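What's in data_36.cif: mmCIF, C-alpha atoms
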```cif
data_work
loop_
_atom_site.label_atom_id
_atom_site.label_comp_id
_atom_site.auth_asym_id
_atom_site.auth_seq_id
_atom_site.Cartn_x
_atom_site.Cartn_y
_atom_site.Cartn_z
CA MET A 1411 147.80 99.95 135.03
CA VAL A 1412 147.17 102.44 132.22
CA LYS A 1413 150.35 104.25 131.16
CA VAL A 1414 149.79 108.00 130.74
CA LEU A 1415 152.21 110.24 128.85
CA LEU A 1416 152.04 114.01 129.31
CA PHE A 1417 153.57 115.63 126.22
CA THR A 1418 154.71 119.24 126.63
CA GLY A 1419 157.05 119.61 123.67
CA PHE A 1420 157.25 123.15 122.23
CA VAL A 1421 155.42 124.62 125.24
CA ALA A 1422 157.36 126.61 127.85
CA ASN A 1423 154.93 129.28 129.03
CA TYR A 1424 153.51 129.63 132.52
CA GLY A 1425 150.03 128.45 131.59
CA GLY A 1426 151.07 125.34 129.71
CA ILE A 1427 153.45 124.04 132.35
CA SER A 1428 150.99 124.95 135.13
CA LYS A 1429 148.42 122.64 133.52
CA VAL A 1430 150.99 119.87 133.21
CA ALA A 1431 151.94 120.21 136.89
CA LYS A 1432 148.34 120.03 138.11
CA ALA A 1433 147.48 117.06 135.88
CA TYR A 1434 150.69 115.24 136.81
CA ARG A 1435 150.13 115.54 140.55
CA HIS A 1436 146.49 114.55 140.29
CA LEU A 1437 147.30 111.41 138.31
CA GLU A 1438 150.03 110.55 140.81
CA GLU A 1439 147.54 110.86 143.66
CA LYS A 1440 145.23 108.50 141.77
CA GLY A 1441 147.93 105.83 141.81
CA LEU A 1442 149.03 106.23 138.22
CA ASP A 1443 152.62 106.82 137.15
CA PRO A 1444 152.45 109.56 134.50
CA LYS A 1445 155.56 110.34 132.47
CA ILE A 1446 156.44 113.81 131.18
CA VAL A 1447 158.07 114.15 127.76
CA THR A 1448 159.20 117.49 126.38
CA VAL A 1449 161.57 119.00 123.84
CA SER A 1450 164.90 120.63 124.66
CA GLY A 1451 164.68 124.41 124.62
CA TYR A 1452 161.31 124.36 126.41
CA LEU A 1453 162.37 123.72 130.00
CA SER A 1454 162.40 127.22 131.50
CA ASN A 1455 159.24 126.97 133.61
CA PHE A 1456 159.69 123.42 134.91
CA PRO A 1457 161.60 124.57 138.06
CA LYS A 1458 158.82 127.02 138.94
CA PHE A 1459 156.45 124.08 139.41
CA ASN A 1460 159.06 121.65 140.80
CA LEU A 1461 158.76 119.42 137.74
CA LYS A 1462 161.34 117.35 135.90
CA PRO A 1463 160.70 115.71 132.54
CA ASP A 1464 161.26 111.96 132.27
CA PHE A 1465 162.46 112.24 128.68
CA VAL A 1466 163.75 115.17 126.62
CA ILE A 1467 163.62 115.07 122.81
CA PRO A 1468 166.25 117.13 120.95
CA GLN A 1469 164.81 120.23 119.32
CA GLY A 1470 165.19 120.41 115.56
CA LYS A 1471 165.68 123.38 113.26
CA GLY A 1472 162.40 123.19 111.40
CA PHE A 1473 159.15 121.34 110.89
CA GLU A 1474 160.57 118.25 109.18
CA GLU A 1475 163.42 117.74 111.64
CA ASN A 1476 161.15 118.36 114.64
CA THR A 1477 158.62 115.89 113.29
CA ARG A 1478 161.29 113.24 112.82
CA ASN A 1479 162.82 113.85 116.25
CA VAL A 1480 159.47 113.69 118.05
CA LEU A 1481 158.28 110.55 116.27
CA GLU A 1482 161.60 108.77 116.88
CA GLY A 1483 161.77 109.99 120.48
CA LEU A 1484 158.27 108.81 121.30
CA ASP A 1485 159.04 105.41 119.79
CA SER A 1486 161.13 104.79 122.90
CA CYS A 1487 158.24 105.71 125.24
CA SER A 1488 155.66 103.17 126.30
CA TYR A 1489 152.18 104.64 126.83
CA ASP A 1490 148.48 103.94 126.39
CA VAL A 1491 147.08 107.47 126.66
CA MET A 1492 148.69 110.75 125.62
CA VAL A 1493 147.65 114.13 126.99
CA SER A 1494 149.31 116.79 124.83
CA PHE A 1495 149.46 120.32 126.23
CA MET A 1496 149.90 122.27 123.03
CA GLN A 1497 148.14 123.32 119.85
CA SER A 1498 150.48 121.65 117.35
CA THR A 1499 150.24 118.01 116.37
CA TYR A 1500 153.85 116.80 116.70
CA GLY A 1501 153.18 114.50 119.66
CA PRO A 1502 149.57 113.54 118.87
CA LYS A 1503 150.68 112.42 115.40
CA HIS A 1504 152.66 109.61 117.04
CA ALA A 1505 149.67 108.62 119.18
CA VAL A 1506 147.31 108.56 116.19
CA GLN A 1507 149.75 106.54 114.07
CA ASN A 1508 150.05 103.97 116.86
CA ASN A 1509 146.33 103.78 117.70
CA LYS A 1510 146.72 105.34 121.14
CA ARG A 1511 144.09 107.45 122.85
CA VAL A 1512 145.00 111.12 122.82
CA VAL A 1513 143.52 114.39 124.00
CA MET A 1514 144.99 117.79 123.18
CA VAL A 1515 144.72 120.54 125.80
CA ALA A 1516 145.31 124.24 125.11
CA GLY A 1517 143.85 127.62 125.91
CA GLY A 1518 142.97 128.47 122.34
CA LEU A 1519 142.00 126.63 119.19
CA PRO A 1520 144.64 125.80 116.57
CA ARG A 1521 146.07 128.74 114.66
CA GLU A 1522 146.06 126.61 111.51
CA TYR A 1523 144.14 123.59 110.27
CA THR A 1524 146.01 122.26 107.25
CA LYS A 1525 147.48 119.00 106.00
CA GLY A 1526 151.15 118.16 106.34
CA THR A 1527 152.05 120.93 108.78
CA ALA A 1528 152.59 121.30 112.53
CA TYR A 1529 148.82 121.85 112.67
CA ASP A 1530 147.79 118.77 110.71
CA GLN A 1531 144.04 118.55 110.24
CA GLU A 1532 144.26 114.80 109.58
CA VAL A 1533 145.66 114.34 113.09
CA TYR A 1534 143.09 116.66 114.71
CA LYS A 1535 140.27 114.62 113.16
CA LYS A 1536 141.49 111.39 114.77
CA ILE A 1537 142.17 112.50 118.35
CA ASP A 1538 139.63 111.85 121.12
CA ALA A 1539 139.11 115.58 121.66
CA TYR A 1540 140.67 119.00 121.48
CA VAL A 1541 140.03 120.73 124.82
CA SER A 1542 140.01 124.51 125.14
CA THR A 1543 140.42 125.26 128.85
CA CYS A 1544 138.45 128.08 130.41
CA HIS A 1545 137.19 129.10 133.86
CA PHE A 1546 133.70 129.83 132.55
CA SER A 1547 131.41 128.29 129.97
CA TRP A 1548 132.79 129.84 126.79
CA GLN A 1549 130.30 129.43 123.97
CA ILE A 1550 132.35 128.94 120.81
CA PRO A 1551 130.61 130.66 117.89
CA GLU A 1552 129.46 128.35 115.12
CA GLU A 1553 131.48 130.27 112.55
CA VAL A 1554 134.61 129.49 114.58
CA LYS A 1555 133.75 125.79 114.92
CA ALA A 1556 133.20 125.66 111.16
CA LYS A 1557 136.93 126.34 110.64
CA TYR A 1558 137.74 122.94 112.18
CA PRO A 1559 135.54 120.38 110.37
CA GLY A 1560 135.86 116.88 111.77
CA MET A 1561 137.58 117.88 115.03
CA THR A 1562 135.84 117.18 118.35
CA ILE A 1563 136.06 120.33 120.48
CA LYS A 1564 135.27 120.59 124.18
CA VAL A 1565 135.41 123.54 126.59
CA LEU A 1566 136.45 122.26 130.02
CA SER A 1567 137.93 123.66 133.22
CA GLN A 1568 141.60 123.95 134.04
CA PRO A 1569 142.97 120.67 135.50
CA ILE A 1570 142.29 121.24 139.22
CA ASN A 1571 141.45 118.53 141.74
CA GLU A 1572 139.86 118.93 145.17
CA LYS A 1573 143.14 119.31 147.02
CA GLN A 1574 144.31 122.02 144.63
CA ARG A 1575 140.88 123.61 144.72
CA THR A 1576 140.96 123.88 148.52
CA ASN A 1577 144.43 125.43 148.39
CA LEU A 1578 143.36 128.07 145.87
CA ARG A 1579 140.26 128.95 147.88
CA SER A 1580 142.44 129.45 150.96
CA LEU A 1581 144.19 132.36 149.23
CA ARG A 1582 141.06 134.51 149.10
CA PHE A 1583 141.30 137.50 151.41
CA THR A 1584 139.10 137.28 154.48
CA SER A 1585 138.84 140.95 155.43
CA ALA A 1586 140.09 144.42 154.51
CA ASP A 1587 142.72 144.14 157.24
CA ASN A 1588 143.87 140.76 155.95
CA LEU A 1589 144.19 142.13 152.42
CA ASN A 1590 146.06 145.23 153.58
CA GLN A 1591 148.55 143.15 155.60
CA ARG A 1592 149.20 140.82 152.69
CA ARG A 1593 149.80 143.77 150.40
CA GLN A 1594 152.29 145.21 152.89
CA ASP A 1595 154.11 141.89 153.11
CA PHE A 1596 154.17 141.45 149.32
CA ILE A 1597 155.65 144.88 148.66
CA LYS A 1598 158.11 144.61 151.55
CA MET A 1599 159.46 141.33 150.18
CA ARG A 1600 160.27 143.21 146.99
CA GLY A 1601 162.33 145.86 148.74
CA SER A 1602 159.81 148.68 149.11
CA ASN A 1603 157.36 150.06 151.65
CA TYR A 1604 153.62 149.83 151.06
CA ASP A 1605 151.78 153.13 151.52
CA GLY A 1606 148.30 152.09 150.37
CA SER A 1607 148.78 153.09 146.73
CA PRO A 1608 147.27 150.77 144.10
CA ILE A 1609 149.15 147.63 143.11
CA VAL A 1610 148.80 147.27 139.35
CA ALA A 1611 149.94 143.90 137.97
CA ILE A 1612 150.69 143.47 134.27
CA ARG A 1613 150.04 139.80 133.46
CA MET A 1614 151.80 138.92 130.24
CA SER A 1615 154.29 136.16 129.50
CA PRO A 1616 157.73 137.46 128.46
CA ASP A 1617 157.60 135.86 125.01
CA TYR A 1618 154.75 138.21 124.07
CA ALA A 1619 156.70 141.31 125.10
CA LYS A 1620 160.02 140.46 123.46
CA THR A 1621 161.18 142.39 120.42
CA LYS A 1622 163.33 139.55 119.10
CA ASP A 1623 163.39 135.76 119.37
CA THR A 1624 159.61 135.74 119.69
CA PHE A 1625 157.04 133.43 118.11
CA LEU A 1626 154.81 136.36 117.14
CA PRO A 1627 154.84 137.76 113.60
CA GLN A 1628 156.03 141.35 113.28
CA HIS A 1629 152.59 142.97 113.13
CA GLU A 1630 151.47 141.22 116.34
CA MET A 1631 154.72 142.06 118.09
CA ASP A 1632 154.20 145.71 117.12
CA GLN A 1633 150.66 145.60 118.57
CA VAL A 1634 151.94 144.31 121.90
CA GLN A 1635 154.66 146.95 122.10
CA ALA A 1636 152.20 149.72 121.22
CA HIS A 1637 149.71 148.46 123.81
CA LEU A 1638 152.27 148.31 126.62
CA LYS A 1639 153.66 151.72 125.69
CA SER A 1640 150.17 153.29 125.65
CA LEU A 1641 149.27 151.65 128.94
CA GLY A 1642 152.48 152.86 130.55
CA GLN A 1643 152.21 156.41 129.25
CA THR A 1644 148.57 156.84 130.25
CA LEU A 1645 149.12 155.37 133.70
CA SER A 1646 152.02 157.80 134.10
CA SER A 1647 150.05 160.83 132.92
CA SER A 1648 147.30 160.11 135.48
CA GLY A 1649 149.53 161.47 138.26
CA GLN A 1650 148.46 158.56 140.48
CA ARG A 1651 151.08 157.00 142.70
CA MET A 1652 151.16 153.21 142.25
CA TYR A 1653 153.21 150.04 142.40
CA LEU A 1654 153.47 148.39 139.01
CA VAL A 1655 154.35 144.70 139.29
CA THR A 1656 155.43 142.41 136.49
CA GLU A 1657 156.96 138.97 136.55
CA ASN A 1658 159.27 139.48 133.61
CA GLU A 1659 161.90 141.90 132.37
CA PRO A 1660 160.60 142.54 128.80
CA VAL A 1661 157.37 144.04 130.17
CA ALA A 1662 159.26 145.96 132.85
CA ASP A 1663 161.61 147.46 130.25
CA VAL A 1664 158.74 148.78 128.13
CA MET A 1665 157.03 150.24 131.19
CA GLN A 1666 160.17 151.90 132.54
CA ASN A 1667 160.71 153.62 129.20
CA ALA A 1668 157.07 154.73 129.04
CA PHE A 1669 157.18 156.27 132.51
CA SER A 1670 160.10 158.56 131.58
CA GLY A 1671 161.34 159.06 135.11
CA ASN A 1672 157.92 159.38 136.76
CA HIS A 1673 158.80 158.80 140.42
CA ASN A 1674 155.15 158.29 141.41
CA ILE A 1675 155.34 154.82 139.89
CA GLU A 1676 157.50 152.09 141.37
CA VAL A 1677 158.18 149.27 138.93
CA LEU A 1678 158.73 146.02 140.80
CA SER A 1679 159.97 143.40 138.38
CA VAL A 1680 160.24 139.80 139.55
CA PRO A 1681 161.88 137.89 136.65
CA PHE A 1682 161.54 134.52 138.40
CA SER A 1683 159.11 134.04 141.23
CA PRO A 1684 157.84 130.85 142.88
CA TYR A 1685 154.39 129.66 141.88
CA LYS A 1686 152.97 130.63 145.28
CA ASP A 1687 154.09 134.23 144.73
CA SER A 1688 152.34 134.36 141.36
CA LEU A 1689 149.15 133.21 143.07
CA GLU A 1690 149.58 135.76 145.84
CA LEU A 1691 149.95 138.54 143.27
CA SER A 1692 146.69 137.42 141.62
CA ALA A 1693 144.95 137.59 145.01
CA ILE A 1694 146.25 140.90 146.39
CA ALA A 1695 146.71 143.21 143.39
CA ASP A 1696 144.26 146.08 143.17
CA ILE A 1697 144.02 145.12 139.52
CA ASN A 1698 145.50 142.43 137.28
CA ILE A 1699 145.68 143.65 133.67
CA ASP A 1700 145.75 140.57 131.46
CA ARG A 1701 146.15 139.96 127.74
CA ALA A 1702 143.75 136.99 127.60
CA THR A 1703 140.51 135.69 129.08
CA ARG A 1704 140.90 131.91 128.84
CA ASN A 1705 144.44 131.60 130.14
CA VAL A 1706 145.61 129.98 133.38
CA VAL A 1707 146.23 133.32 135.09
CA GLN A 1708 142.59 134.35 134.63
CA SER A 1709 141.46 131.04 136.09
CA GLU A 1710 143.75 131.60 139.08
CA ILE A 1711 142.53 135.17 139.52
CA ALA A 1712 138.95 133.84 139.62
CA ALA A 1713 139.93 131.07 142.03
CA VAL A 1714 141.72 133.28 144.57
CA GLY A 1715 139.20 136.12 144.39
CA GLY A 1716 141.37 138.63 142.57
CA TYR A 1717 140.42 141.70 140.54
CA THR A 1718 140.99 141.90 136.80
CA ILE A 1719 140.72 143.77 133.53
CA VAL A 1720 141.27 142.06 130.18
CA SER A 1721 142.72 143.80 127.13
CA PRO A 1722 143.13 141.08 124.49
CA CYS A 1723 146.51 141.49 122.84
CA PRO A 1724 147.48 140.81 120.11
CA LYS A 1725 144.13 141.54 118.53
CA ASN A 1726 142.15 138.61 117.11
CA TYR A 1727 144.68 136.19 118.62
CA MET A 1728 143.34 132.71 119.49
CA HIS A 1729 139.77 134.11 119.56
CA GLU A 1730 140.50 136.01 122.76
CA ASP A 1731 138.62 139.12 121.59
CA ILE A 1732 135.30 137.30 121.17
CA THR A 1733 135.86 135.45 124.44
CA ALA A 1734 136.40 138.73 126.28
CA GLU A 1735 133.25 140.15 124.74
CA GLN A 1736 131.20 137.18 125.98
CA ALA A 1737 132.75 137.33 129.46
CA ALA A 1738 132.06 141.06 129.66
CA LYS A 1739 128.41 140.59 128.63
CA GLU A 1740 128.02 138.02 131.40
CA GLY A 1741 129.46 140.47 133.93
CA LEU A 1742 132.59 138.39 134.56
CA ILE A 1743 135.25 140.90 133.55
CA LYS A 1744 135.89 144.48 132.60
CA HIS A 1745 136.92 144.42 128.94
CA ILE A 1746 139.02 147.34 127.71
CA PRO A 1747 140.06 146.79 124.08
CA VAL A 1748 143.60 147.49 122.95
CA GLY A 1749 143.83 150.95 121.43
CA THR A 1750 141.31 152.51 123.84
CA PRO A 1751 142.28 156.18 124.32
CA ASP A 1752 143.63 157.01 127.79
CA ILE A 1753 143.53 153.33 128.72
CA GLY A 1754 145.53 153.83 131.92
CA GLN A 1755 143.05 156.32 133.35
CA LYS A 1756 140.17 153.98 132.48
CA VAL A 1757 141.92 151.24 134.44
CA LEU A 1758 142.28 153.49 137.49
CA ASP A 1759 138.69 154.77 137.22
CA TYR A 1760 137.46 151.17 137.39
CA LEU A 1761 138.99 150.48 140.81
CA GLY A 1762 136.40 150.23 143.59
CA THR A 1763 133.33 150.44 141.33
CA LYS A 1764 130.28 148.23 141.83
CA HIS A 1765 131.21 146.12 138.80
CA TYR A 1766 134.75 145.78 140.18
CA HIS A 1767 133.39 144.03 143.29
CA ASP A 1768 130.40 142.24 141.75
CA SER A 1769 132.46 140.65 138.97
CA ARG A 1770 134.86 139.21 141.56
CA GLU A 1771 132.01 137.34 143.26
CA LEU A 1772 130.66 136.11 139.93
CA ARG A 1773 134.08 134.87 138.76
CA MET A 1774 134.56 132.82 141.92
CA GLN A 1775 131.16 131.17 141.44
CA THR A 1776 131.62 130.38 137.74
CA TRP A 1777 135.06 128.92 138.50
CA GLU A 1778 133.44 126.59 141.05
CA ASP A 1779 130.68 125.67 138.60
CA MET A 1780 133.16 124.69 135.88
CA LEU A 1781 135.07 122.44 138.25
CA ASP A 1782 131.84 120.80 139.42
CA LYS A 1783 130.33 120.21 136.01
CA ARG A 1784 133.06 120.31 133.35
CA ASN A 1785 136.32 119.31 135.00
CA LEU A 1786 139.17 118.46 132.66
CA LEU A 1787 140.60 115.97 135.15
CA ASP A 1788 137.38 113.97 135.12
CA TYR A 1789 137.63 113.75 131.34
CA ILE A 1790 141.28 112.64 131.42
CA GLU A 1791 140.44 109.99 134.04
CA GLY A 1792 137.70 108.73 131.73
CA LEU A 1793 140.33 108.04 129.06
CA CYS A 1794 142.29 105.94 131.54
#
```

Please express the file's structure as C-alpha cells.
Amino acid sequence: MVKVLLFTGFVANYGGISKVAKAYRHLEEKGLDPKIVTVSGYLSNFPKFNLKPDFVIPQGKGFEENTRNVLEGLDSCSYDVMVSFMQSTYGPKHAVQNNKRVVMVAGGLPREYTKGTAYDQEVYKKIDAYVSTCHFSWQIPEEVKAKYPGMTIKVLSQPINEKQRTNLRSLRFTSADNLNQRRQDFIKMRGSNYDGSPIVAIRMSPDYAKTKDTFLPQHEMDQVQAHLKSLGQTLSSSGQRMYLVTENEPVADVMQNAFSGNHNIEVLSVPFSPYKDSLELSAIADINIDRATRNVVQSEIAAVGGYTIVSPCPKNYMHEDITAEQAAKEGLIKHIPVGTPDIGQKVLDYLGTKHYHDSRELRMQTWEDMLDKRNLLDYIEGLC
C-alpha cells in the first residue's frame, strides 16, 4: 500500500486545514492510511475539523533552524507520496532530496521564487506539480506564469469527494421560508432575535486583521486595517439596521470601533465555531464579504449557494486582484475593489439585484464543473 504523508507545517488558517481534512478523509475512505505531519505553533484549527496530527515537528526561530528541524523530523517518517498544503518548500525539500513524489497545494502561487530560501525555486522545479486550488477555471496570465520558470502549475478544484459534495449541496436553501427559518435559528443561537434585517458576514482569517504578531508586512497590514475601517464606517453611515457576523475577534474589534456606538448594527462575533456553523453562515448570510476569490470560503459559498462580494485585500496579494477581475467578467462575483468610496453602501445596494441572484446560480454550476473535470482528489489518487 502506498504511504501518503500530508504535510501542513507552517499552515494554521481555516482554508489550509480544511483542505487537509477533506483530503485525509477521502484517502481514508479509499483504504489508504494517510499520516498528518505539522509544526508546533500551527495547531489552532485542527480541533475545528476534528483532526489530530500524527507527528509534530518543533518550530524553529528562523529559516535555517526550521529547515533543519523539518528535514530531521521527516527523516523519521516513512512515506512514498507527500502532499504539502503550503506555499513554502520546507517539507517538499525533503521529498525531492529523497526521490519521493510530491505535490504542493495552495490557494495562491509562491510569494517568492528564489534559491536557498523558504521558497526555493530548485525544489519547485522538481516537484510533480504546484496546484492552485479554485472553484472555477482561473486562467493564469502568461506574465504571471513567466515568474515561475520550470515549475509545473495546475489549477484544480478544492479536494472534495462525492460524499462531501452531497453534504455541501444539502446546505442550499430550498425556499424563502426555509432560508428565513435558518436565519432565525442562526441569529437566535448567537443570543439575539432575528427581525429580517440583512446578515452581513465579514470573511477574513484573524491573522490578516491582527495589528501585531502577523505574517503581513506593515504596508499590507495597514491596507487591511484601512479597508475594514472604511467598510465599517460606511456600513454604519448607511443607517441600515443589520447583523454583522465575524468568526474572529480582530475583525470584530475593528468593526466595533468603526461603528462608534451605532445601535442599528449588532456585531455577532464567534471566535471559535464548529465547521458546520461556518458552512451555515456561508449559506444563509445575505452577503459574505470576502478578501479573496480562490480561497476555501469562496468555494464553500459557491457549493452551498451563498451570496458574495469580493474585495481583494491586501492589494496585489497572491494574484487575488486579477483573479477577482476574471471572475467578475465571467459573472461569477461582484468585485468591489479596496478603496472604493462609500463601499458599505455599494454592498447594501447590491443585495437583491439581478446579478446578485444570477451569479449565485452560475457559481454553483462552475463549482460542479470543476469537481467533474478538474478534481484535485483525482490528481492525488493518480500519484498513489

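Polymer residues near (141.2, 142.2, 132.7): counting all atoms listed in the file with a cut-off of 9 Å, they are Ile1697, Asn1698, Ile1699, Asp1700, Arg1701, Ala1702, Thr1703, Gln1708, Tyr1717, Thr1718, Ile1719, Val1720, Ser1721, Pro1722, Ala1734, Ile1743, Lys1744, His1745 and Ile1746 of chain A.
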
Prev. selection, C-alpha atoms, output as a compact mmCIF listing (two decimals), in the coordinates of the input:
```txt
# COMPACT_ATOMS: atom_id res chain seq x y z
CA ILE A 1697 144.02 145.12 139.52
CA ASN A 1698 145.50 142.43 137.28
CA ILE A 1699 145.68 143.65 133.67
CA ASP A 1700 145.75 140.57 131.46
CA ARG A 1701 146.15 139.96 127.74
CA ALA A 1702 143.75 136.99 127.60
CA THR A 1703 140.51 135.69 129.08
CA GLN A 1708 142.59 134.35 134.63
CA TYR A 1717 140.42 141.70 140.54
CA THR A 1718 140.99 141.90 136.80
CA ILE A 1719 140.72 143.77 133.53
CA VAL A 1720 141.27 142.06 130.18
CA SER A 1721 142.72 143.80 127.13
CA PRO A 1722 143.13 141.08 124.49
CA ALA A 1734 136.40 138.73 126.28
CA ILE A 1743 135.25 140.90 133.55
CA LYS A 1744 135.89 144.48 132.60
CA HIS A 1745 136.92 144.42 128.94
CA ILE A 1746 139.02 147.34 127.71
```

(message) as an NGL selection string, please: the residues near A:Ser1646 (cut-off 10 Å, only C-alpha atoms, same-chain neighbours under 6 positions excluded).
(response) :A and (1640 or 1652 or 1665 or 1668-1675 or 1754-1755)

Given the file shown, determine the residues that the PyMOL selection byres ((chain A and resi 1498) around 12) selects; report them as an mmCIF file with C-alpha atoms, in the frame of the given file.
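out-v1.cif, written as the output of this step:
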```cif
data_model
loop_
_atom_site.group_PDB
_atom_site.id
_atom_site.type_symbol
_atom_site.label_atom_id
_atom_site.label_comp_id
_atom_site.auth_asym_id
_atom_site.auth_seq_id
_atom_site.Cartn_x
_atom_site.Cartn_y
_atom_site.Cartn_z
ATOM 1 C CA PHE A 1417 153.570 115.630 126.220
ATOM 2 C CA THR A 1418 154.710 119.240 126.630
ATOM 3 C CA GLY A 1419 157.050 119.610 123.670
ATOM 4 C CA PHE A 1420 157.250 123.150 122.230
ATOM 5 C CA VAL A 1421 155.420 124.620 125.240
ATOM 6 C CA PHE A 1473 159.150 121.340 110.890
ATOM 7 C CA ASN A 1476 161.150 118.360 114.640
ATOM 8 C CA THR A 1477 158.620 115.890 113.290
ATOM 9 C CA SER A 1494 149.310 116.790 124.830
ATOM 10 C CA PHE A 1495 149.460 120.320 126.230
ATOM 11 C CA MET A 1496 149.900 122.270 123.030
ATOM 12 C CA GLN A 1497 148.140 123.320 119.850
ATOM 13 C CA THR A 1499 150.240 118.010 116.370
ATOM 14 C CA TYR A 1500 153.850 116.800 116.700
ATOM 15 C CA GLY A 1501 153.180 114.500 119.660
ATOM 16 C CA PRO A 1502 149.570 113.540 118.870
ATOM 17 C CA LYS A 1503 150.680 112.420 115.400
ATOM 18 C CA MET A 1514 144.990 117.790 123.180
ATOM 19 C CA VAL A 1515 144.720 120.540 125.800
ATOM 20 C CA ALA A 1516 145.310 124.240 125.110
ATOM 21 C CA GLY A 1518 142.970 128.470 122.340
ATOM 22 C CA LEU A 1519 142.000 126.630 119.190
ATOM 23 C CA PRO A 1520 144.640 125.800 116.570
ATOM 24 C CA ARG A 1521 146.070 128.740 114.660
ATOM 25 C CA GLU A 1522 146.060 126.610 111.510
ATOM 26 C CA TYR A 1523 144.140 123.590 110.270
ATOM 27 C CA THR A 1524 146.010 122.260 107.250
ATOM 28 C CA GLY A 1526 151.150 118.160 106.340
ATOM 29 C CA THR A 1527 152.050 120.930 108.780
ATOM 30 C CA ALA A 1528 152.590 121.300 112.530
ATOM 31 C CA TYR A 1529 148.820 121.850 112.670
ATOM 32 C CA ASP A 1530 147.790 118.770 110.710
ATOM 33 C CA GLN A 1531 144.040 118.550 110.240
ATOM 34 C CA VAL A 1533 145.660 114.340 113.090
ATOM 35 C CA TYR A 1534 143.090 116.660 114.710
ATOM 36 C CA TYR A 1540 140.670 119.000 121.480
#
```

(request) Any chance you could resolve the PyMOL selection byres ((chain A and resi 1422-1430) around 10) against this file and give the residues as a PyMOL selection string? (result) chain A and resi 1416-1421+1431-1436+1446+1448-1449+1451-1459+1461+1493-1496+1515-1517+1543+1568-1570+1614-1617+1685+1705-1708

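Ranking A:Tyr1489, A:Ala1695, A:Asp1759, A:His1729 by their shortest atom-to-atom distance to A:Gln1650, with only C-alpha atoms included, puts A:Asp1759 first.
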
(message) What's around A:Ser1580 at 10 Å? Count only C-alpha atoms, leave out sequence neighbours fewer than 6 positions away in its own chain, and write the answer as a ChimeraX atom specification.
(response) /A:1574,1713-1715

Since we have the selection now, will you write its residues out, keeping C-alpha atoms, as a compact mmCIF listing (two decimals), keeping the file's coordinate frame?
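Written output follows (out-v3.txt):
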```txt
# COMPACT_ATOMS: atom_id res chain seq x y z
CA GLN A 1574 144.31 122.02 144.63
CA ALA A 1713 139.93 131.07 142.03
CA VAL A 1714 141.72 133.28 144.57
CA GLY A 1715 139.20 136.12 144.39
```

(message) Please list as a ChimeraX atom specification every residue within 12 Å of A:Gln1635, counting all atoms listed in the file and excluding residues in the same chain fewer than 5 positions away.
(response) /A:1614,1616-1622,1626,1628-1630,1640-1642,1660-1665,1667-1668,1723-1724,1748-1749

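With all atoms listed in the file as the atoms that count, the residue of A:Ser1450, A:Ser1567, A:Gln1775, A:Asn1588 with the shortest distance to A:Lys1471 is A:Ser1450.
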
(request) Compile the contact shell of A:Ser1692 as a PyMOL selection string: residues with an atom at most 6 Å away, counting all atoms listed in the file, same-chain residues fewer than 3 positions apart removed. (result) chain A and resi 1689+1711+1716

(request) Find, counting all atoms listed in the file, the residue in A:Ser1602, A:Asn1590, A:Ser1585, A:Asn1508 that gets nearest to A:Asp1696. (result) A:Asn1590

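Here atom CA of A:Ser1688 is placed at a distance of 17.1 Å from atom CA of A:Arg1704.
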
(message) Restricting the calculation to only C-alpha atoms: of A:Val1677, A:Leu1437, A:Met1728, A:Ala1505, which residue gets closest to A:Asn1571?
(response) A:Leu1437
